[in-house]
$ cat coords-v2.cif   # mmCIF, C-alpha atoms
data_work
loop_
_atom_site.label_atom_id
_atom_site.label_comp_id
_atom_site.auth_asym_id
_atom_site.auth_seq_id
_atom_site.Cartn_x
_atom_site.Cartn_y
_atom_site.Cartn_z
CA MET G 1 66.16 25.36 14.38
CA LYS G 2 63.36 23.52 16.07
CA LYS G 3 59.98 23.39 14.33
CA ARG G 4 57.46 25.45 16.26
CA ILE G 5 54.30 25.09 14.21
CA LEU G 6 51.97 24.93 17.22
CA SER G 7 51.41 23.49 20.64
CA LEU G 8 48.84 20.98 19.47
CA LEU G 9 45.33 20.47 20.79
CA CYS G 10 43.25 17.73 22.35
CA ALA G 11 44.74 14.88 24.39
CA LEU G 12 43.73 11.53 22.94
CA VAL G 13 42.16 8.59 24.69
CA LEU G 14 45.11 6.85 26.34
CA LEU G 15 45.60 3.19 25.56
CA THR G 16 47.69 2.70 28.65
CA GLY G 17 45.46 4.68 30.98
CA ALA G 18 42.56 3.55 33.10
CA LEU G 19 41.78 -0.14 33.13
CA PRO G 20 38.54 -1.29 31.50
CA SER G 21 35.69 -2.33 33.74
CA ALA G 22 35.18 -5.93 34.77
CA ALA G 23 31.99 -6.01 32.68
CA ALA G 24 33.92 -4.83 29.61
CA LEU G 25 36.58 -7.46 30.15
CA GLN G 26 33.93 -10.15 30.55
CA GLY G 27 32.27 -9.01 27.33
CA GLU G 28 35.59 -9.28 25.51
CA ALA G 29 36.12 -12.78 26.85
CA LEU G 30 32.65 -13.92 25.81
CA ARG G 31 33.10 -12.53 22.32
CA ALA G 32 36.43 -14.31 22.04
CA ALA G 33 34.88 -17.57 23.22
CA ASP G 34 32.01 -17.24 20.74
CA ALA G 35 34.47 -16.55 17.92
CA LEU G 36 36.63 -19.56 18.77
CA ALA G 37 33.53 -21.74 19.00
CA THR G 38 32.33 -20.43 15.62
CA LEU G 39 35.66 -21.50 14.16
CA GLY G 40 35.27 -24.90 15.79
CA LEU G 41 38.33 -24.48 18.02
CA ILE G 42 36.57 -24.80 21.38
CA GLU G 43 33.24 -26.10 22.64
CA ALA G 44 30.96 -24.74 25.32
CA ALA G 45 30.10 -26.86 28.33
CA ALA G 46 27.01 -29.08 28.27
CA ASP G 47 24.91 -26.21 29.63
CA GLY G 48 26.13 -23.88 26.88
CA GLU G 49 28.41 -21.87 29.15
CA TYR G 50 32.10 -21.14 28.49
CA ARG G 51 33.10 -20.77 32.17
CA ILE G 52 35.22 -17.74 31.29
CA ASP G 53 35.90 -16.90 34.94
CA ASP G 54 37.24 -20.36 35.75
CA SER G 55 40.97 -20.91 35.83
CA ALA G 56 42.38 -22.21 32.56
CA THR G 57 44.31 -25.44 33.01
CA ARG G 58 47.51 -26.50 31.32
CA ALA G 59 45.65 -29.30 29.55
CA GLN G 60 42.99 -26.90 28.22
CA ALA G 61 45.72 -24.55 27.00
CA VAL G 62 47.52 -27.27 25.04
CA VAL G 63 44.32 -28.60 23.50
CA LEU G 64 43.54 -25.08 22.29
CA LEU G 65 47.14 -24.65 21.09
CA VAL G 66 46.95 -27.73 18.86
CA ALA G 67 43.61 -26.52 17.50
CA LEU G 68 45.10 -23.07 16.72
CA ALA G 69 47.90 -24.77 14.83
CA GLY G 70 45.38 -26.70 12.74
CA GLU G 71 47.02 -29.92 13.91
CA ARG G 72 44.16 -31.83 15.52
CA GLN G 73 44.23 -34.59 12.94
CA ALA G 74 48.01 -34.77 13.06
CA ALA G 75 47.81 -35.14 16.83
CA GLU G 76 45.24 -37.91 16.49
CA ASN G 77 47.50 -39.80 14.07
CA ASP G 78 50.71 -39.29 16.04
CA ASN G 79 51.74 -42.41 17.93
CA TRP G 80 54.59 -40.79 19.84
CA ILE G 81 54.23 -41.25 23.63
CA SER G 82 55.11 -38.31 25.84
CA GLY G 83 55.68 -40.32 28.99
CA PHE G 84 53.40 -38.11 31.08
CA ALA G 85 51.43 -40.41 33.35
CA ASP G 86 48.93 -37.88 34.66
CA VAL G 87 47.22 -36.61 31.48
CA PRO G 88 43.50 -37.45 31.11
CA ALA G 89 42.33 -39.28 27.99
CA TRP G 90 40.51 -36.24 26.53
CA ALA G 91 43.81 -34.28 26.32
CA ALA G 92 46.35 -37.12 25.94
CA LYS G 93 46.76 -36.94 22.17
CA GLU G 94 47.20 -33.15 22.09
CA VAL G 95 49.61 -33.08 25.03
CA SER G 96 51.75 -35.85 23.54
CA TYR G 97 51.74 -34.16 20.14
CA ALA G 98 52.64 -30.74 21.56
CA ALA G 99 55.45 -32.33 23.56
CA HIS G 100 56.64 -34.22 20.49
CA ARG G 101 56.77 -30.98 18.47
CA GLY G 102 58.64 -29.22 21.29
CA TRP G 103 55.82 -26.78 21.93
CA ALA G 104 54.89 -27.89 25.44
CA SER G 105 56.92 -29.33 28.28
CA GLY G 106 55.98 -31.01 31.51
CA ALA G 107 56.22 -29.69 35.03
CA GLU G 108 58.36 -32.77 35.76
CA PRO G 109 59.83 -35.53 33.56
CA THR G 110 56.79 -37.79 33.99
CA LYS G 111 54.18 -35.26 35.09
CA PHE G 112 52.47 -32.62 32.99
CA ARG G 113 50.24 -31.28 35.79
CA PRO G 114 47.27 -31.00 33.43
CA ASP G 115 44.87 -29.64 36.05
CA SER G 116 47.19 -26.88 37.25
CA THR G 117 46.33 -23.33 36.26
CA VAL G 118 48.29 -22.31 33.19
CA THR G 119 50.36 -19.18 33.79
CA ALA G 120 50.70 -16.39 31.27
CA ASN G 121 54.38 -17.21 30.79
CA ALA G 122 53.66 -20.91 30.24
CA TRP G 123 50.87 -20.23 27.73
CA PHE G 124 52.89 -17.73 25.72
CA THR G 125 55.89 -20.06 25.83
CA PHE G 126 53.72 -22.77 24.22
CA LEU G 127 52.28 -20.30 21.70
CA LEU G 128 55.61 -18.72 20.76
CA ARG G 129 57.19 -22.13 20.20
CA MET G 130 54.27 -23.14 17.99
CA LEU G 131 54.83 -19.97 15.95
CA GLY G 132 58.47 -20.85 15.39
CA TYR G 133 60.19 -18.89 18.16
CA SER G 134 62.72 -20.71 20.31
CA ASP G 135 63.64 -20.07 23.91
CA LYS G 136 66.62 -22.41 23.46
CA ALA G 137 67.90 -20.28 20.58
CA GLY G 138 67.48 -17.13 22.66
CA ASP G 139 64.39 -15.64 21.00
CA PHE G 140 62.79 -15.26 24.41
CA THR G 141 62.95 -16.61 27.94
CA VAL G 142 60.26 -18.73 29.56
CA SER G 143 60.16 -16.36 32.54
CA GLY G 144 59.65 -13.39 30.20
CA ALA G 145 57.45 -15.01 27.54
CA ALA G 146 54.33 -12.92 28.25
CA LEU G 147 56.31 -9.67 28.19
CA PHE G 148 58.03 -10.65 24.94
CA ALA G 149 54.68 -11.61 23.40
CA GLN G 150 53.37 -8.12 24.14
CA GLN G 151 56.55 -6.51 22.81
CA ILE G 152 56.27 -8.19 19.40
CA GLY G 153 52.51 -7.59 19.14
CA LEU G 154 51.38 -11.17 19.75
CA ALA G 155 49.63 -10.16 22.97
CA ALA G 156 47.43 -7.07 22.71
CA ARG G 157 47.48 -6.45 26.45
CA THR G 158 49.46 -7.29 29.57
CA TYR G 159 49.03 -10.80 30.97
CA SER G 160 50.59 -12.09 34.18
CA GLY G 161 50.08 -14.81 36.76
CA GLY G 162 47.51 -17.55 36.26
CA LEU G 163 45.07 -17.18 33.36
CA THR G 164 41.32 -17.55 33.35
CA ARG G 165 39.61 -19.29 30.45
CA GLY G 166 38.42 -15.90 29.28
CA GLN G 167 41.97 -14.57 29.16
CA LEU G 168 43.12 -17.70 27.35
CA TYR G 169 40.40 -17.22 24.74
CA GLN G 170 41.14 -13.52 24.33
CA SER G 171 44.85 -14.12 23.82
CA ALA G 172 44.07 -16.88 21.30
CA MET G 173 41.89 -14.50 19.29
CA ASP G 174 44.57 -11.80 19.43
CA ALA G 175 46.99 -14.34 17.96
CA MET G 176 44.77 -15.10 14.97
CA THR G 177 46.18 -12.36 12.74
CA PHE G 178 49.77 -12.78 13.96
CA SER G 179 52.30 -14.27 11.55
CA TYR G 180 54.45 -17.30 12.08
CA LYS G 181 58.08 -16.31 12.62
CA ASP G 182 59.09 -17.39 9.12
CA GLY G 183 56.40 -15.15 7.61
CA SER G 184 54.76 -18.05 5.80
CA ALA G 185 51.25 -17.35 7.07
CA THR G 186 49.15 -15.89 9.84
CA VAL G 187 47.53 -18.22 12.35
CA ILE G 188 44.11 -17.79 10.78
CA GLY G 189 45.60 -18.01 7.29
CA ARG G 190 47.11 -21.40 8.00
CA LEU G 191 43.92 -22.61 9.67
CA VAL G 192 41.92 -21.72 6.57
CA GLU G 193 44.52 -23.39 4.32
CA ARG G 194 44.16 -26.59 6.29
CA ASN G 195 40.40 -26.44 6.73
CA SER G 196 38.67 -24.47 3.98
CA SER G 197 35.28 -25.08 5.61
CA ILE G 198 36.01 -22.37 8.20
CA ARG G 199 36.74 -19.66 5.59
CA ALA G 200 33.19 -18.32 5.70
CA ALA G 201 33.27 -18.14 9.49
CA ALA G 202 36.69 -16.44 9.44
CA ASN G 203 35.37 -13.94 6.91
CA ALA G 204 32.26 -13.26 8.97
CA LEU G 205 34.46 -12.58 11.99
CA GLY G 206 36.56 -10.11 9.99
CA LEU G 207 39.72 -12.15 10.45
CA LEU G 208 40.52 -12.19 6.73
CA GLU G 209 39.74 -8.51 6.22
CA THR G 210 42.81 -6.50 5.23
CA GLU G 211 41.38 -3.09 6.15
CA LEU G 212 41.77 -2.37 9.85
CA THR G 213 39.50 -0.61 12.30
CA ALA G 214 40.93 1.80 14.86
CA ARG G 215 40.52 -0.91 17.49
CA GLN G 216 42.48 -3.39 15.38
CA VAL G 217 45.23 -0.84 14.79
CA SER G 218 45.42 -0.32 18.52
CA ASP G 219 45.47 -4.03 19.37
CA ARG G 220 47.84 -5.17 16.63
CA LEU G 221 50.25 -2.29 16.06
CA THR G 222 50.72 -0.34 19.28
CA ALA G 223 53.66 -2.57 20.21
CA ALA G 224 55.64 -1.04 17.31
CA VAL G 225 55.34 2.52 18.67
CA PHE G 226 57.25 4.01 21.59
CA ARG G 227 57.77 7.11 23.69
CA ILE G 228 61.05 8.97 23.28
CA ASP G 229 62.58 10.63 26.32
CA LEU G 230 65.25 13.08 25.19
CA TYR G 231 67.97 14.59 27.38
CA GLU G 232 69.80 17.71 26.14
CA LYS G 233 72.50 17.81 28.82
CA GLN G 234 74.33 15.17 30.84
CA LYS G 235 73.08 16.68 34.09
CA TYR G 236 69.51 15.81 33.04
CA VAL G 237 70.62 12.26 32.25
CA ASP G 238 72.17 12.00 35.71
CA LYS G 239 68.97 13.27 37.33
CA GLY G 240 66.74 11.07 35.15
CA THR G 241 64.80 14.15 34.06
CA PRO G 242 63.99 14.24 30.32
CA THR G 243 64.14 17.58 28.51
CA SER G 244 61.30 16.58 26.20
CA ASN G 245 59.07 13.70 25.10
CA ALA G 246 58.22 12.58 21.59
CA SER G 247 57.22 9.46 19.64
CA GLY G 248 58.85 6.94 17.33
CA PHE G 249 58.10 3.62 15.64
CA PHE G 250 60.11 0.58 14.62
CA ILE G 251 60.61 -0.29 10.97
CA SER G 252 62.79 -3.37 11.51
CA ALA G 253 62.78 -6.16 14.05
CA ASP G 254 66.39 -5.43 15.00
CA GLY G 255 65.68 -1.90 16.19
CA LEU G 256 65.69 0.59 13.30
CA ALA G 257 63.08 3.22 14.06
CA VAL G 258 61.70 6.43 12.54
CA THR G 259 60.95 9.71 14.28
CA ASN G 260 61.08 13.43 13.52
CA TYR G 261 64.46 15.12 13.46
CA HIS G 262 63.21 17.75 15.88
CA SER G 263 62.31 14.95 18.32
CA ILE G 264 66.01 14.17 18.79
CA GLU G 265 67.48 17.60 18.03
CA ASP G 266 70.12 18.85 20.49
CA GLY G 267 69.98 15.62 22.51
CA VAL G 268 72.98 13.93 24.12
CA TYR G 269 71.01 10.84 25.19
CA GLY G 270 67.61 9.34 24.51
CA THR G 271 65.51 6.32 25.36
CA ALA G 272 62.58 4.47 23.80
CA THR G 273 59.87 3.18 26.16
CA LEU G 274 57.58 0.54 24.66
CA SER G 275 53.94 -0.25 25.36
CA ASN G 276 55.01 -3.07 27.73
CA GLY G 277 56.99 -0.60 29.85
CA GLU G 278 60.44 -1.77 28.80
CA THR G 279 62.95 1.04 28.12
CA PHE G 280 65.79 0.81 25.60
CA PRO G 281 68.57 3.36 24.91
CA ILE G 282 68.81 5.02 21.50
CA GLN G 283 72.25 4.01 20.25
CA ARG G 284 72.80 5.74 16.91
CA VAL G 285 71.27 8.00 14.30
CA VAL G 286 71.70 6.28 10.94
CA TYR G 287 69.90 8.89 8.81
CA TYR G 288 68.53 12.37 9.38
CA ASP G 289 67.45 15.43 7.46
CA PRO G 290 66.60 18.60 9.42
CA ASP G 291 64.94 20.22 6.41
CA ILE G 292 62.55 17.29 5.89
CA ASP G 293 62.32 16.78 9.68
CA ILE G 294 62.88 13.03 9.61
CA ALA G 295 65.39 10.84 11.41
CA VAL G 296 66.06 7.10 11.57
CA VAL G 297 67.62 5.85 14.80
CA LYS G 298 68.96 2.50 15.96
CA VAL G 299 67.46 1.41 19.28
CA SER G 300 69.50 -0.93 21.43
CA ARG G 301 68.12 -4.43 21.95
CA THR G 302 69.28 -4.34 25.57
CA THR G 303 67.10 -2.50 28.07
CA THR G 304 68.40 0.13 30.45
CA GLY G 305 68.08 -2.62 33.07
CA GLY G 306 70.34 -5.02 31.18
CA LYS G 307 67.79 -7.43 29.64
CA THR G 308 68.27 -8.31 25.97
CA THR G 309 65.46 -8.93 23.49
CA SER G 310 65.62 -10.72 20.15
CA ALA G 311 63.07 -8.64 18.22
CA PHE G 312 60.73 -5.67 18.11
CA LYS G 313 57.34 -5.31 16.49
CA CYS G 314 57.77 -3.21 13.35
CA LEU G 315 55.63 -1.35 10.82
CA GLU G 316 55.77 -1.43 7.03
CA LEU G 317 56.59 1.74 5.08
CA VAL G 318 54.65 2.38 1.85
CA GLY G 319 54.94 6.13 1.38
CA THR G 320 52.41 8.49 -0.14
CA GLY G 321 52.29 7.40 -3.78
CA ASP G 322 48.81 5.92 -3.51
CA VAL G 323 47.37 8.34 -0.94
CA ARG G 324 44.40 10.44 -2.01
CA PRO G 325 42.30 13.12 -0.29
CA GLY G 326 39.46 11.46 1.59
CA ASP G 327 41.44 8.32 2.45
CA ARG G 328 40.93 7.14 6.02
CA VAL G 329 44.07 7.26 8.17
CA TYR G 330 45.17 6.40 11.70
CA THR G 331 47.84 7.77 13.99
CA LEU G 332 49.74 6.06 16.78
CA GLY G 333 51.91 8.12 19.07
CA ASN G 334 52.57 9.43 22.56
CA PRO G 335 50.44 12.59 23.01
CA LEU G 336 51.36 14.78 25.96
CA GLY G 337 53.84 12.13 27.11
CA GLY G 338 51.01 10.35 28.89
CA GLY G 339 50.90 7.04 27.04
CA LEU G 340 50.47 5.55 23.59
CA ALA G 341 47.21 6.46 21.86
CA VAL G 342 45.37 5.98 18.58
CA SER G 343 43.29 8.46 16.57
CA GLU G 344 41.40 8.31 13.28
CA GLY G 345 40.79 10.82 10.49
CA VAL G 346 40.89 11.42 6.76
CA VAL G 347 43.47 12.87 4.41
CA SER G 348 42.73 16.49 3.51
CA ALA G 349 45.64 17.11 1.14
CA THR G 350 48.52 14.96 0.00
CA GLU G 351 51.21 17.42 -1.13
CA ARG G 352 50.77 20.65 0.80
CA GLU G 353 53.75 23.02 0.80
CA VAL G 354 54.36 24.11 4.39
CA ALA G 355 56.82 26.75 5.57
CA GLY G 356 59.78 25.12 7.31
CA TYR G 357 59.52 21.79 5.50
CA ALA G 358 61.51 20.92 2.37
CA TRP G 359 59.11 18.13 1.46
CA PRO G 360 55.35 18.60 0.86
CA CYS G 361 53.31 17.40 3.84
CA VAL G 362 50.21 15.24 4.17
CA VAL G 363 47.41 17.22 5.82
CA ASN G 364 44.86 15.13 7.70
CA THR G 365 42.24 15.27 10.44
CA ALA G 366 43.55 12.49 12.74
CA ASP G 367 44.07 14.27 16.08
CA ILE G 368 47.55 14.49 17.56
CA SER G 369 48.95 16.49 20.46
CA LYS G 370 52.31 17.74 21.65
CA GLY G 371 54.44 14.63 22.21
CA SER G 372 53.03 12.90 19.12
CA SER G 373 55.91 14.22 17.00
CA GLY G 374 57.57 11.21 15.38
CA GLY G 375 54.51 8.96 15.54
CA ALA G 376 53.10 6.92 12.68
CA LEU G 377 50.46 8.12 10.22
CA MET G 378 49.04 4.95 8.64
CA ASN G 379 46.62 3.92 5.95
CA VAL G 380 43.74 1.52 6.60
CA TYR G 381 46.06 -1.45 6.10
CA GLY G 382 48.32 -0.40 8.96
CA GLN G 383 51.11 0.69 6.61
CA VAL G 384 53.00 3.93 7.32
CA ILE G 385 52.60 6.77 4.87
CA ALA G 386 54.00 9.64 6.95
CA VAL G 387 55.42 10.75 10.30
CA THR G 388 53.13 12.86 12.50
CA THR G 389 54.85 16.18 13.08
CA GLY G 390 52.62 19.20 13.81
CA ALA G 391 49.63 21.27 12.74
CA TYR G 392 48.66 24.58 11.24
CA SER G 393 48.48 27.25 13.92
CA GLN G 394 45.41 28.76 12.25
CA GLY G 395 42.75 26.22 11.38
CA ASN G 396 40.87 23.22 12.67
CA SER G 397 41.83 19.55 12.27
CA MET G 398 44.74 20.40 9.97
CA TYR G 399 47.46 18.08 11.23
CA LEU G 400 50.70 17.53 9.36
CA GLY G 401 52.57 14.40 8.42
CA VAL G 402 56.00 14.28 6.77
CA PRO G 403 56.01 11.57 4.06
CA VAL G 404 58.25 8.57 4.76
CA ASP G 405 59.25 8.35 1.08
CA PRO G 406 62.76 9.76 1.74
CA VAL G 407 63.37 7.08 4.37
CA MET G 408 62.40 4.38 1.88
CA LYS G 409 65.15 5.61 -0.45
CA ALA G 410 67.81 6.27 2.20
CA ASP G 411 70.84 4.10 2.95
CA LEU G 412 70.10 2.78 6.44
CA THR G 413 73.10 0.42 6.58
CA LYS G 414 75.74 2.98 7.57
CA GLU G 415 77.06 3.26 11.11
CA GLY G 416 75.71 6.75 11.64
CA TRP G 417 76.32 9.01 14.62
CA THR G 418 75.50 9.27 18.31
CA LEU G 419 72.90 11.83 19.34
CA GLU G 420 75.64 13.99 20.76
CA GLU G 421 77.60 13.85 17.50
CA VAL G 422 74.52 14.89 15.51
CA ALA G 423 73.99 17.83 17.86
CA ARG G 424 77.61 18.97 17.40
CA ILE G 425 77.44 18.60 13.60
CA GLU G 426 74.26 20.65 13.34
CA GLN G 427 75.45 23.30 15.79
CA ALA G 428 78.60 23.70 13.70
CA LYS G 429 76.48 24.17 10.56
CA ILE G 430 74.42 26.86 12.28
CA GLN G 431 77.53 28.70 13.47
CA GLN G 432 79.07 28.52 10.00
CA ALA G 433 75.89 29.86 8.41
CA ARG G 434 75.83 32.75 10.88
CA ALA G 435 79.46 33.56 10.18
CA GLU G 436 78.84 33.62 6.44
CA ASN G 437 75.80 35.87 6.87
CA GLU G 438 77.88 38.33 8.86
CA LYS G 439 80.47 38.69 6.10
#

$ encode --input "coords-v2.cif" --output "structure tokens"
Amino acid sequence: MKKRILSLLCALVLLTGALPSAAALQGEALRAADALATLGLIEAAADGEYRIDDSATRAQAVVLLVALAGERQAAENDNWISGFADVPAWAAKEVSYAAHRGWASGAEPTKFRPDSTVTANAWFTFLLRMLGYSDKAGDFTVSGAALFAQQIGLAARTYSGGLTRGQLYQSAMDAMTFSYKDGSATVIGRLVERNSSIRAAANALGLLETELTARQVSDRLTAAVFRIDLYEKQKYVDKGTPTSNASGFFISADGLAVTNYHSIEDGVYGTATLSNGETFPIQRVVYYDPDIDIAVVKVSRTTTGGKTTSAFKCLELVGTGDVRPGDRVYTLGNPLGGGLAVSEGVVSATEREVAGYAWPCVVNTADISKGSSGGALMNVYGQVIAVTTGAYSQGNSMYLGVPVDPVMKADLTKEGWTLEEVARIEQAKIQQARAENEK
């Protein structure tokens, strides 16, 4: 039986809604430029300006890339010659070094085109390679580098076409807290390891702070959350008309994801649409419990359009063992089916018995709305403690989260079932229970 606690209140501010104003974007770019300059990674022009509206060149992008890697001195000491005949002296060492490391490639065998505007795909190709991802190994494609960067949470927003300096600086700042592929360090963590003199500046900028603001949760973690479109009959699949919308979030890079059971209940087909607009079919259900109202699904790594990805952004599960009333929490989900959104609140109660749930719920004040079912309820470190599921029908700001503790103990390695198989299994249980009650 579907949970019908309440049709929830209050649509949230949509993250994928109206675009910010030009003034807001310019302010973001200036703040990013100031931060990079404070860390000693870029310099302003002689007149003190950053020229954020100017096009960013390929040479400027590579010089910044080497600085982000903390490899300026290594580039200076590297005697390898790239063979590019058109690179100016001020960028020659960095371009040769980046080419030597396999991070950057030329436009032609002997031409780097240093003064050409760097495209979003070229910049994120350079950045992804520096972080340990490989287009040759199939981690991403050069033509889809910017989209992949957004999908794994490296890019906090959509980038396309040629970049301005401001966009280059913003994307570099977004990358600061991103981890290298091998998990050895974040970008800023490695920079501080290699140059301890910038630790104070990094601290002052909040880059070493482990507690996240709502804005940081939005920028860094939205890529891990998706909209579920559920179809209860094949005719709705054929028409492309979902029966319902809900939310879900990845817990592994290969596509394991958590949602509410009632978000997939009675479905024959479902899809997950990410923050970058890519849509992936839900392949299997590897764990579910109707009484707890939790399910773990396996999302395909091939889009409905036939493109394959190597990884998804994922969230860490920590459960509710350390949660206390008064703790600050965040939610990420898909309220009203209109787009991914973030909200903030505090924990009201940690183990509240609620009719219809076999596991005590976390009550909190972080606003959610219909469609948020299956979203993530997180602590201030961006770790998931519960799944957003509903609210009390009588009361204010009393939203419910089902603890993820059962998922942390579940066997998620089994093959599982299709959505249609789950629906048949549960319908059979209901019919059997009715038959027994009629005896």

$ resolve_selection --input "coords-v2.cif" --expression "the PyMOL selection byres ((chain G and resi 60-69) around 10)" --output "ChimeraX atom specification"
/G:36,39-42,55-59,70-75,90-99,103-104,114-119,122-124,126-127,130-131,163,165,168-169,172-173,175-176,187-188,190-191,194

$ resolve_selection --input "coords-v2.cif" --expression "the PyMOL selection byres ((chain G and resi 227-233) around 7)" --output "list in words"
Phe226, Gln234, Lys235, Tyr236, Val237, Pro242, Thr243, Ser244, Asn245, Ala246, Ser247, Gly248, Ile264, Asp266, Gly267, Val268, Tyr269, Gly270, Thr271, Ala272, Thr273, Leu274 and Asn334 of chain G

$ write_last_selection --input "coords-v2.cif" --atoms "C-alpha atoms" --output "compact mmCIF listing (two decimals), in the coordinates of the input"
# COMPACT_ATOMS: atom_id res chain seq x y z
CA PHE G 226 57.25 4.01 21.59
CA GLN G 234 74.33 15.17 30.84
CA LYS G 235 73.08 16.68 34.09
CA TYR G 236 69.51 15.81 33.04
CA VAL G 237 70.62 12.26 32.25
CA PRO G 242 63.99 14.24 30.32
CA THR G 243 64.14 17.58 28.51
CA SER G 244 61.30 16.58 26.20
CA ASN G 245 59.07 13.70 25.10
CA ALA G 246 58.22 12.58 21.59
CA SER G 247 57.22 9.46 19.64
CA GLY G 248 58.85 6.94 17.33
CA ILE G 264 66.01 14.17 18.79
CA ASP G 266 70.12 18.85 20.49
CA GLY G 267 69.98 15.62 22.51
CA VAL G 268 72.98 13.93 24.12
CA TYR G 269 71.01 10.84 25.19
CA GLY G 270 67.61 9.34 24.51
CA THR G 271 65.51 6.32 25.36
CA ALA G 272 62.58 4.47 23.80
CA THR G 273 59.87 3.18 26.16
CA LEU G 274 57.58 0.54 24.66
CA ASN G 334 52.57 9.43 22.56

$ closest_atom_pairs --input "coords-v2.cif" --of "stretch 115-155 of chain G" --to "stretch 291-315 of chain G" --cutoff "12 Å" --atoms "all atoms listed in the file" --output "Markdown table"
| residue | atom | partner | partner_atom | distance |
| --- | --- | --- | --- | --- |
| G:Tyr133 | CA | G:Ser310 | CA | 10.0 |
| G:Ser134 | CA | G:Ser310 | CA | 10.4 |
| G:Asp135 | CA | G:Ser310 | CA | 10.3 |
| G:Ala137 | CA | G:Ser310 | CA | 9.8 |
| G:Gly138 | CA | G:Ser310 | CA | 7.1 |
| G:Asp139 | CA | G:Ser310 | CA | 5.1 |
| G:Phe140 | CA | G:Ser310 | CA | 6.8 |
| G:Thr141 | CA | G:Thr309 | CA | 9.2 |
| G:Gly144 | CA | G:Thr309 | CA | 9.9 |
| G:Ala145 | CA | G:Thr309 | CA | 10.8 |
| G:Leu147 | CA | G:Thr309 | CA | 10.3 |
| G:Phe148 | CA | G:Thr309 | CA | 7.8 |
| G:Ala149 | CA | G:Lys313 | CA | 9.7 |
| G:Gln150 | CA | G:Lys313 | CA | 9.1 |
| G:Gln151 | CA | G:Phe312 | CA | 6.3 |
| G:Ile152 | CA | G:Lys313 | CA | 4.2 |
| G:Gly153 | CA | G:Lys313 | CA | 6.0 |
| G:Leu154 | CA | G:Lys313 | CA | 9.0 |
| G:Ala155 | CA | G:Lys313 | CA | 11.2 |

$ write_last_selection --input "coords-v2.cif" --atoms "C-alpha atoms" --output "PDB file, keeping the file's coordinate frame"
ATOM      1  CA  TYR G 133      60.190 -18.890  18.160  1.00  0.00           C
ATOM      2  CA  SER G 134      62.720 -20.710  20.310  1.00  0.00           C
ATOM      3  CA  ASP G 135      63.640 -20.070  23.910  1.00  0.00           C
ATOM      4  CA  ALA G 137      67.900 -20.280  20.580  1.00  0.00           C
ATOM      5  CA  GLY G 138      67.480 -17.130  22.660  1.00  0.00           C
ATOM      6  CA  ASP G 139      64.390 -15.640  21.000  1.00  0.00           C
ATOM      7  CA  PHE G 140      62.790 -15.260  24.410  1.00  0.00           C
ATOM      8  CA  THR G 141      62.950 -16.610  27.940  1.00  0.00           C
ATOM      9  CA  GLY G 144      59.650 -13.390  30.200  1.00  0.00           C
ATOM     10  CA  ALA G 145      57.450 -15.010  27.540  1.00  0.00           C
ATOM     11  CA  LEU G 147      56.310  -9.670  28.190  1.00  0.00           C
ATOM     12  CA  PHE G 148      58.030 -10.650  24.940  1.00  0.00           C
ATOM     13  CA  ALA G 149      54.680 -11.610  23.400  1.00  0.00           C
ATOM     14  CA  GLN G 150      53.370  -8.120  24.140  1.00  0.00           C
ATOM     15  CA  GLN G 151      56.550  -6.510  22.810  1.00  0.00           C
ATOM     16  CA  ILE G 152      56.270  -8.190  19.400  1.00  0.00           C
ATOM     17  CA  GLY G 153      52.510  -7.590  19.140  1.00  0.00           C
ATOM     18  CA  LEU G 154      51.380 -11.170  19.750  1.00  0.00           C
ATOM     19  CA  ALA G 155      49.630 -10.160  22.970  1.00  0.00           C
TER      20      ALA G 155
END

$ closest_residue --input "coords-v2.cif" --among "G:Tyr357, G:Tyr288, G:Tyr381, G:Tyr330" --to "G:Tyr261" --atoms "all atoms listed in the file"
G:Tyr288

$ atom_distance --input "coords-v2.cif" --atom1 "atom CA of G:Gly255" --atom2 "atom CA of G:Lys370"
24.4 Å

$ resolve_selection --input "coords-v2.cif" --expression "the PyMOL selection byres ((chain G and resi 211-218) around 9)" --output "list in words"
Leu15, Ala156, Glu209, Thr210, Asp219, Arg220, Leu221, Thr222, Ala223, Tyr330, Leu332, Ala341, Val342, Ser343, Glu344, Asn379, Val380, Tyr381 and Gly382 of chain G

$ atom_distance --input "coords-v2.cif" --atom1 "atom CA of G:Ile385" --atom2 "atom CA of G:Ser275"
21.7 Å

$ atom_distance --input "coords-v2.cif" --atom1 "atom CA of G:Arg157" --atom2 "atom CA of G:Asp174"
9.3 Å

$ residues_around --input "coords-v2.cif" --residues "G:Ala146" --least-positions-apart "6" --cutoff "7 Å" --atoms "all atoms listed in the file" --output "VMD selection string"
chain G and resid 120 to 121 124 159

$ closest_residue --input "coords-v2.cif" --among "G:Asn77, G:Thr241, G:Asn364, G:Thr413" --to "G:Tyr392" --atoms "only C-alpha atoms"
G:Asn364

$ closest_residue --input "coords-v2.cif" --among "G:Ser197, G:Thr279, G:Ser184, G:Gln170" --to "G:Gly132" --atoms "all atoms listed in the file"
G:Ser184

$ closest_residue --input "coords-v2.cif" --among "G:Gly27, G:Pro281, G:Gly374, G:Gly102" --to "G:Thr125" --atoms "only C-alpha atoms"
G:Gly102
